[in-house]
file start-v3.txt (compact mmCIF, C-alpha atoms)
# COMPACT_ATOMS: atom_id res chain seq x y z
CA MET A 269 108.04 103.03 177.21
CA PHE A 270 110.72 101.49 174.99
CA ASN A 271 114.01 102.77 176.41
CA LEU A 272 116.91 103.45 174.06
CA MET A 273 120.43 103.35 175.52
CA LEU A 274 123.57 104.96 174.12
CA ILE A 275 127.09 104.18 175.34
CA THR A 276 129.20 107.34 175.61
CA ASN A 277 131.30 109.33 178.06
CA ASP A 278 131.16 112.54 176.01
CA PRO A 279 128.93 115.11 177.78
CA SER A 280 127.99 117.02 174.62
CA LEU A 281 127.10 113.85 172.74
CA ALA A 282 125.14 112.56 175.75
CA ARG A 283 123.16 115.80 176.01
CA HIS A 284 122.35 115.76 172.29
CA ALA A 285 121.31 112.10 172.48
CA VAL A 286 118.87 112.72 175.32
CA GLU A 287 117.44 115.75 173.50
CA SER A 288 117.01 113.50 170.43
CA GLY A 289 115.03 110.80 172.25
CA VAL A 290 117.59 108.54 173.95
CA ASN A 291 116.34 107.62 177.43
CA ARG A 292 119.51 106.30 179.04
CA ILE A 293 123.15 107.14 178.73
CA PHE A 294 125.38 104.17 179.43
CA ILE A 295 128.83 104.62 180.99
CA ASP A 296 130.92 101.49 180.65
CA LEU A 297 133.57 101.03 183.36
CA GLU A 298 134.02 97.32 182.73
CA ILE A 299 137.62 96.45 181.86
CA MET A 300 138.54 93.43 184.00
CA GLY A 301 138.88 90.38 181.75
CA LYS A 302 137.46 92.14 178.72
CA VAL A 303 140.65 92.26 176.67
CA GLU A 304 141.18 88.54 177.26
CA ARG A 305 137.59 87.76 176.17
CA GLN A 306 137.19 90.19 173.28
CA GLY A 307 140.62 91.51 172.33
CA HIS A 308 140.67 89.35 169.20
CA LEU A 309 137.20 90.48 168.11
CA ASP A 310 135.88 93.57 166.33
CA THR A 311 134.35 94.93 169.52
CA VAL A 312 134.75 98.19 171.39
CA ILE A 313 136.59 97.94 174.70
CA SER A 314 135.64 101.01 176.71
CA ARG A 315 138.11 103.35 178.34
CA HIS A 316 135.52 105.21 180.38
CA GLN A 317 136.55 106.43 183.84
CA MET A 318 134.70 106.81 187.14
CA THR A 319 135.15 110.59 186.85
CA ASP A 320 132.94 110.47 183.73
CA VAL A 321 129.91 109.57 185.86
CA ALA A 322 129.51 113.01 187.46
CA LYS A 323 130.29 114.75 184.14
CA ILE A 324 127.54 112.89 182.32
CA ARG A 325 125.14 113.30 185.23
CA SER A 326 125.53 117.09 184.95
CA ALA A 327 125.04 116.96 181.18
CA ILE A 328 121.76 115.00 181.24
CA PRO A 329 119.63 116.20 184.17
CA GLY A 330 116.53 114.86 182.44
CA GLY A 331 117.96 111.52 181.33
CA GLU A 332 118.73 108.27 183.11
CA LEU A 333 122.34 107.31 183.77
CA LEU A 334 123.35 103.65 183.75
CA VAL A 335 126.84 102.65 184.92
CA ARG A 336 128.30 99.23 184.16
CA LEU A 337 130.87 98.28 186.76
CA ASN A 338 133.49 95.53 186.71
CA PRO A 339 132.60 91.96 187.67
CA ILE A 340 132.60 91.28 191.42
CA HIS A 341 136.10 91.85 192.85
CA SER A 342 137.83 93.13 195.97
CA ASN A 343 137.03 96.79 195.22
CA SER A 344 133.41 96.33 194.12
CA ARG A 345 131.98 98.12 197.15
CA ARG A 346 134.11 101.17 196.43
CA GLU A 347 133.02 101.14 192.76
CA VAL A 348 129.37 100.94 193.79
CA ASP A 349 129.68 103.83 196.25
CA GLU A 350 131.59 106.04 193.81
CA ALA A 351 129.13 105.39 190.97
CA ILE A 352 126.16 106.22 193.19
CA ASP A 353 127.87 109.32 194.59
CA GLY A 354 128.56 110.42 191.00
CA GLY A 355 124.87 110.27 190.13
CA ALA A 356 124.17 106.81 188.68
CA ASP A 357 120.48 105.89 188.44
CA ILE A 358 121.14 102.25 187.55
CA ILE A 359 124.08 99.96 188.35
CA MET A 360 124.84 97.08 185.96
CA LEU A 361 126.80 93.98 187.00
CA PRO A 362 128.50 92.13 184.10
CA MET A 363 130.09 88.68 183.72
CA PHE A 364 128.64 86.90 186.73
CA HIS A 365 128.09 83.14 186.77
CA SER A 366 125.74 82.60 189.70
CA ALA A 367 122.96 84.20 191.70
CA LYS A 368 125.40 84.45 194.63
CA GLU A 369 127.34 87.22 192.85
CA VAL A 370 124.14 89.12 192.11
CA ARG A 371 123.07 88.81 195.73
CA GLU A 372 126.46 90.11 196.85
CA LEU A 373 126.36 93.24 194.69
CA SER A 374 122.72 93.88 195.54
CA SER A 375 123.66 94.00 199.21
CA MET A 376 126.32 96.62 198.41
CA ILE A 377 123.82 98.75 196.48
CA ASP A 378 121.35 98.35 199.35
CA GLY A 379 118.40 99.76 197.46
CA ARG A 380 120.00 103.17 196.87
CA VAL A 381 119.60 102.95 193.09
CA ARG A 382 118.18 100.49 190.59
CA PHE A 383 120.13 97.31 189.88
CA MET A 384 120.37 95.65 186.46
CA PRO A 385 122.33 92.37 186.35
CA LEU A 386 123.65 91.59 182.86
CA ILE A 387 122.98 87.98 181.89
CA GLU A 388 125.82 87.12 179.53
CA THR A 389 127.20 83.74 180.68
CA LYS A 390 125.80 80.20 180.58
CA GLY A 391 125.74 80.11 184.38
CA ALA A 392 123.84 83.40 184.59
CA ALA A 393 121.26 82.17 182.06
CA GLU A 394 120.76 78.97 184.03
CA ALA A 395 120.29 81.01 187.22
CA CYS A 396 117.74 83.37 185.63
CA ARG A 397 114.79 82.29 187.77
CA GLU A 398 116.79 82.54 191.00
CA ILE A 399 118.10 85.98 190.01
CA THR A 400 114.56 87.33 189.56
CA LEU A 401 113.86 86.49 193.21
CA ILE A 402 116.79 88.47 194.62
CA GLU A 403 115.79 91.56 196.57
CA GLY A 404 117.08 94.71 194.93
CA VAL A 405 117.06 93.43 191.34
CA THR A 406 114.90 95.97 189.52
CA ASP A 407 115.86 95.39 185.86
CA LEU A 408 117.62 92.73 183.79
CA TYR A 409 119.54 92.81 180.53
CA ILE A 410 120.60 89.89 178.33
CA GLY A 411 123.98 90.48 176.69
CA LEU A 412 123.94 88.51 173.45
CA ASN A 413 127.58 88.99 172.45
CA ASP A 414 129.30 87.32 175.40
CA LEU A 415 126.39 84.93 175.97
CA HIS A 416 126.53 83.43 172.49
CA MET A 417 130.31 82.97 172.82
CA ASP A 418 130.02 81.33 176.24
CA LEU A 419 127.45 78.95 174.77
CA GLY A 420 129.77 78.07 171.88
CA LEU A 421 127.46 79.56 169.25
CA LYS A 422 128.52 81.29 166.03
CA PHE A 423 126.28 84.37 165.87
CA MET A 424 125.08 86.70 168.59
CA PHE A 425 121.39 86.41 167.71
CA GLU A 426 121.32 82.60 167.94
CA PRO A 427 120.12 82.71 171.58
CA VAL A 428 117.06 84.58 170.27
CA SER A 429 116.40 82.30 167.31
CA ASN A 430 116.88 79.06 169.30
CA GLY A 431 114.40 80.12 171.97
CA LEU A 432 116.76 80.62 174.92
CA VAL A 433 116.03 84.35 175.23
CA GLY A 434 112.31 83.58 174.93
CA LYS A 435 112.48 81.16 177.87
CA MET A 436 114.29 83.73 180.00
CA ALA A 437 111.84 86.43 178.91
CA GLU A 438 108.91 84.38 180.20
CA ILE A 439 110.63 83.92 183.58
CA ILE A 440 111.52 87.61 183.83
CA LYS A 441 108.05 88.80 182.79
CA ALA A 442 106.44 86.48 185.36
CA ALA A 443 108.49 88.32 187.99
CA ALA A 444 107.30 91.69 186.58
CA ILE A 445 110.88 92.85 185.98
CA PRO A 446 111.60 95.06 182.94
CA PHE A 447 114.31 93.71 180.65
CA GLY A 448 116.06 94.18 177.36
CA PHE A 449 118.61 92.42 175.19
CA GLY A 450 121.28 92.94 172.55
CA GLY A 451 121.86 95.94 170.35
CA ILE A 452 120.11 97.40 167.33
CA ALA A 453 121.13 99.11 164.10
CA ARG A 454 119.22 101.71 162.09
CA ILE A 455 115.96 100.78 160.41
CA SER A 456 116.67 98.81 157.20
CA GLU A 457 120.30 98.24 158.24
CA GLY A 458 122.24 95.43 159.90
CA MET A 459 123.08 91.80 159.06
CA LEU A 460 119.59 91.19 160.37
CA PRO A 461 117.33 94.10 159.37
CA ALA A 462 116.77 96.26 162.43
CA GLU A 463 112.99 96.13 162.02
CA LYS A 464 113.11 92.32 162.32
CA VAL A 465 115.25 92.59 165.45
CA LEU A 466 112.81 95.17 166.80
CA SER A 467 109.98 92.75 166.11
CA GLN A 468 111.62 90.26 168.48
CA HIS A 469 111.71 92.90 171.22
CA VAL A 470 107.98 93.42 170.78
CA ARG A 471 107.25 89.67 170.56
CA LEU A 472 109.20 88.94 173.75
CA GLY A 473 108.07 91.99 175.75
CA SER A 474 111.44 93.75 175.95
CA SER A 475 111.44 97.35 177.14
CA CYS A 476 114.96 98.51 176.25
CA VAL A 477 117.81 98.11 173.77
CA ILE A 478 121.30 99.50 173.20
CA LEU A 479 121.85 101.60 170.09
CA SER A 480 124.72 99.71 168.48
CA ARG A 481 127.92 101.30 167.24
CA THR A 482 126.61 100.49 163.75
CA PHE A 483 123.65 102.74 164.54
CA HIS A 484 125.85 105.75 165.32
CA ARG A 485 128.79 104.76 163.08
CA ARG A 486 131.15 104.46 166.06
CA SER A 487 130.87 108.18 166.78
CA GLU A 488 132.82 109.22 169.87
CA SER A 489 132.03 112.95 169.79
CA LEU A 490 129.10 115.18 168.92
CA SER A 491 130.83 116.51 165.80
CA GLU A 492 131.47 112.97 164.51
CA LEU A 493 127.85 112.07 165.11
CA THR A 494 126.26 115.15 163.52
CA ASN A 495 128.53 114.88 160.48
CA GLN A 496 127.19 111.38 159.83
CA MET A 497 123.54 111.38 160.80
CA ASP A 498 120.43 113.10 162.06
CA LEU A 499 120.11 111.22 165.36
CA LYS A 500 116.58 112.39 166.14
CA ASP A 501 115.36 111.35 162.70
CA GLU A 502 116.82 107.85 163.05
CA ILE A 503 115.44 107.48 166.57
CA ASP A 504 112.01 108.61 165.37
CA LYS A 505 112.10 105.94 162.64
CA LEU A 506 112.97 103.29 165.24
CA LEU A 507 110.27 104.35 167.68
CA ASN A 508 107.64 104.70 164.96
CA GLU A 509 108.37 101.16 163.83
CA HIS A 510 108.19 99.98 167.43
CA ASP A 511 104.76 101.59 167.78
CA ARG A 512 103.61 99.99 164.55
CA LEU A 513 104.75 96.55 165.71
CA LEU A 514 102.96 97.00 169.04
CA ASN A 515 99.73 97.47 167.11
CA CYS A 516 100.21 94.75 164.50
CA GLY A 517 98.68 91.30 164.82
CA GLN A 518 100.32 88.20 166.25
CA ASP A 519 100.40 86.70 162.77
CA GLU A 520 102.84 89.38 161.59
CA LEU A 521 105.08 88.85 164.63
CA ASP A 522 105.09 85.10 163.94
CA VAL A 523 106.02 85.67 160.30
CA ASP A 524 108.81 88.02 161.40
CA PHE A 525 110.15 85.38 163.80
CA ASP A 526 110.16 82.76 161.04
CA PHE A 527 112.13 85.18 158.84
CA PHE A 528 114.45 85.96 161.75
CA LYS A 529 115.23 82.27 162.35
CA LEU A 530 115.89 81.62 158.66
CA LYS A 531 118.17 84.65 158.41
CA VAL A 532 120.14 83.56 161.48
CA GLN A 533 120.54 80.08 159.98
CA GLU A 534 121.81 81.67 156.76
CA ILE A 535 124.36 83.83 158.61
CA VAL A 536 125.58 80.90 160.72
CA GLY A 537 125.86 78.79 157.57
CA ILE A 538 128.04 81.41 155.90
CA SER A 539 130.27 81.62 159.01
CA ASN A 540 130.75 77.84 158.94
CA LYS A 541 132.10 77.83 155.38
call {"tool": "encode", "arguments": {"input": "start-v3.txt", "output": "structure tokens"}}
result
Amino acid sequence: MFNLMLITNDPSLARHAVESGVNRIFIDLEIMGKVERQGHLDTVISRHQMTDVAKIRSAIPGGELLVRLNPIHSNSRREVDEAIDGGADIIMLPMFHSAKEVRELSSMIDGRVRFMPLIETKGAAEACREITLIEGVTDLYIGLNDLHMDLGLKFMFEPVSNGLVGKMAEIIKAAAIPFGFGGIARISEGMLPAEKVLSQHVRLGSSCVILSRTFHRRSESLSELTNQMDLKDEIDKLLNEHDRLLNCGQDELDVDFDFFKLKVQEIVGISNK
């Protein structure tokens, strides 16, 4: 299954998303250090609250609930316990730099729910193999936005085009851990066409992706969303293309990767002017 994730704390929107084919609703509690890292960028800094966890859990009895916590800090154990008590199926740890931090949070989770470390720093990428060996790690996600900045790169998809994500994917697949990376726009949209990004997910063996704010036009409520799009129709287009790519030949995936690399080079070249 290719799991689609949507970030929202609105129960009505979450319910509609799951009914439309979204597998996981993503509550984002991360705030520590985020303004300092991304306050100057055109990124969304979440204002979700721990109380949202139980509200979303009630709204999506048939969907998975992922909760991103803060980086490891003095109150991490309390955050873990509250998120699990609220109904989280998966806990995500952001902005770690070593396997030690992953091991620490895994011990707090203690196998009660699934655990998805978010690889989004140079140190985390370098520790990828060690992280896959940690007991309690059930899933992994590669966060391209913070990762490309920590690596001093210009564009978020450079870690895919330069082969870094591919190297991590091989390590993660060898450990039989499901993983995903980045975000995706609607089919035929995005600086990189979404179908070419989707092709990289198929090529690398990814099993999940976040629907980007471009995909849902930054909608924060059900009325905003339904006024702008037919969510089920757009999800169907994405999943149909994913199915097609799964059944295409390796030659087509190779051609798509060549296009992808050239397009990334073009975008980086424009940003350097």
call {"tool": "closest_atom_pairs", "arguments": {"input": "start-v3.txt", "of": "segment 428-450 of chain A", "to": "segment 389-403 of chain A", "cutoff": "10 Å", "atoms": "all atoms listed in the file", "output": "Markdown table"}}
result
| residue | atom | partner | partner_atom | distance |
| --- | --- | --- | --- | --- |
| A:Leu432 | CA | A:Ala393 | CA | 8.6 |
| A:Val433 | CA | A:Ala393 | CA | 8.9 |
| A:Lys435 | CA | A:Cys396 | CA | 9.6 |
| A:Met436 | CA | A:Cys396 | CA | 6.6 |
| A:Ala437 | CA | A:Cys396 | CA | 9.5 |
| A:Glu438 | CA | A:Arg397 | CA | 9.8 |
| A:Ile439 | CA | A:Arg397 | CA | 6.1 |
| A:Ile440 | CA | A:Thr400 | CA | 6.5 |
| A:Lys441 | CA | A:Thr400 | CA | 9.5 |
| A:Ala442 | CA | A:Thr400 | CA | 9.2 |
| A:Ala443 | CA | A:Thr400 | CA | 6.3 |
| A:Ala444 | CA | A:Thr400 | CA | 9.0 |
| A:Ile445 | CA | A:Thr400 | CA | 7.5 |
call {"tool": "residues_around", "arguments": {"input": "start-v3.txt", "residues": "Arg283 of chain A", "least_positions_apart": "3", "cutoff": "9 Å", "atoms": "all atoms listed in the file", "output": "tab-separated table (two decimals) with C-alpha atoms, keeping the file's coordinate frame"}}
result
chain	number	residue	atom	x	y	z
A	278	ASP	CA	131.16	112.54	176.01
A	279	PRO	CA	128.93	115.11	177.78
A	280	SER	CA	127.99	117.02	174.62
A	286	VAL	CA	118.87	112.72	175.32
A	287	GLU	CA	117.44	115.75	173.50
A	288	SER	CA	117.01	113.50	170.43
A	324	ILE	CA	127.54	112.89	182.32
A	327	ALA	CA	125.04	116.96	181.18
A	328	ILE	CA	121.76	115.00	181.24
A	329	PRO	CA	119.63	116.20	184.17
A	331	GLY	CA	117.96	111.52	181.33
call {"tool": "closest_residue", "arguments": {"input": "start-v3.txt", "among": "A:Arg371, A:Arg336, A:His484, A:His469", "to": "Leu274 of chain A", "atoms": "all atoms listed in the file"}}
result
A:His484
call {"tool": "closest_residue", "arguments": {"input": "start-v3.txt", "among": "A:His510, A:His316, A:Lys500, A:Arg325", "to": "Val477 of chain A", "atoms": "all atoms listed in the file"}}
result
A:His510
call {"tool": "closest_residue", "arguments": {"input": "start-v3.txt", "among": "A:Ala322, A:Leu530, A:Met497, A:Leu408", "to": "Ile359 of chain A", "atoms": "all atoms listed in the file"}}
result
A:Leu408
call {"tool": "closest_residue", "arguments": {"input": "start-v3.txt", "among": "A:Lys368, A:Gly448, A:Ala351, A:Lys422", "to": "Ile387 of chain A", "atoms": "only C-alpha atoms"}}
result
A:Gly448
call {"tool": "closest_residue", "arguments": {"input": "start-v3.txt", "among": "A:Leu506, A:Leu499, A:Leu419, A:Ala453", "to": "Ile478 of chain A", "atoms": "only C-alpha atoms"}}
result
A:Ala453
call {"tool": "closest_residue", "arguments": {"input": "start-v3.txt", "among": "A:Gly404, A:Gly379, A:Gly451, A:Gly289", "to": "Phe483 of chain A", "atoms": "all atoms listed in the file"}}
result
A:Gly451
call {"tool": "axis_aligned_box", "arguments": {"input": "start-v3.txt", "around": "segment 370-384 of chain A", "padding_each_side": "8 Å", "output": "AutoDock Vina command-line options"}}
result
--center_x 122.3 --center_y 96.0 --center_z 192.9 --size_x 24.3 --size_y 30.4 --size_z 28.9
call {"tool": "residues_around", "arguments": {"input": "start-v3.txt", "residues": "Leu513 of chain A", "least_positions_apart": "4", "cutoff": "12 Å", "atoms": "all atoms listed in the file", "output": "VMD selection string"}}
result
chain A and resid 463 to 473 506 to 509 517 to 522 524
call {"tool": "atom_distance", "arguments": {"input": "start-v3.txt", "atom1": "atom CA of Ser475 of chain A", "atom2": "atom CA of Phe527 of chain A"}}
result
22.0 Å
call {"tool": "atom_distance", "arguments": {"input": "start-v3.txt", "atom1": "atom CA of His365 of chain A", "atom2": "atom CA of Met384 of chain A"}}
result
14.7 Å
call {"tool": "residues_around", "arguments": {"input": "start-v3.txt", "residues": "segment 455-461 of chain A", "least_positions_apart": "4", "cutoff": "8 Å", "atoms": "all atoms listed in the file", "output": "PDB file with C-alpha atoms, keeping the file's coordinate frame"}}
result
ATOM      1  CA  VAL A 465     115.250  92.590 165.450  1.00  0.00           C
ATOM      2  CA  THR A 482     126.610 100.490 163.750  1.00  0.00           C
ATOM      3  CA  GLU A 502     116.820 107.850 163.050  1.00  0.00           C
ATOM      4  CA  LYS A 505     112.100 105.940 162.640  1.00  0.00           C
ATOM      5  CA  LEU A 506     112.970 103.290 165.240  1.00  0.00           C
ATOM      6  CA  PHE A 528     114.450  85.960 161.750  1.00  0.00           C
ATOM      7  CA  LYS A 531     118.170  84.650 158.410  1.00  0.00           C
ATOM      8  CA  VAL A 532     120.140  83.560 161.480  1.00  0.00           C
TER       9      VAL A 532
END
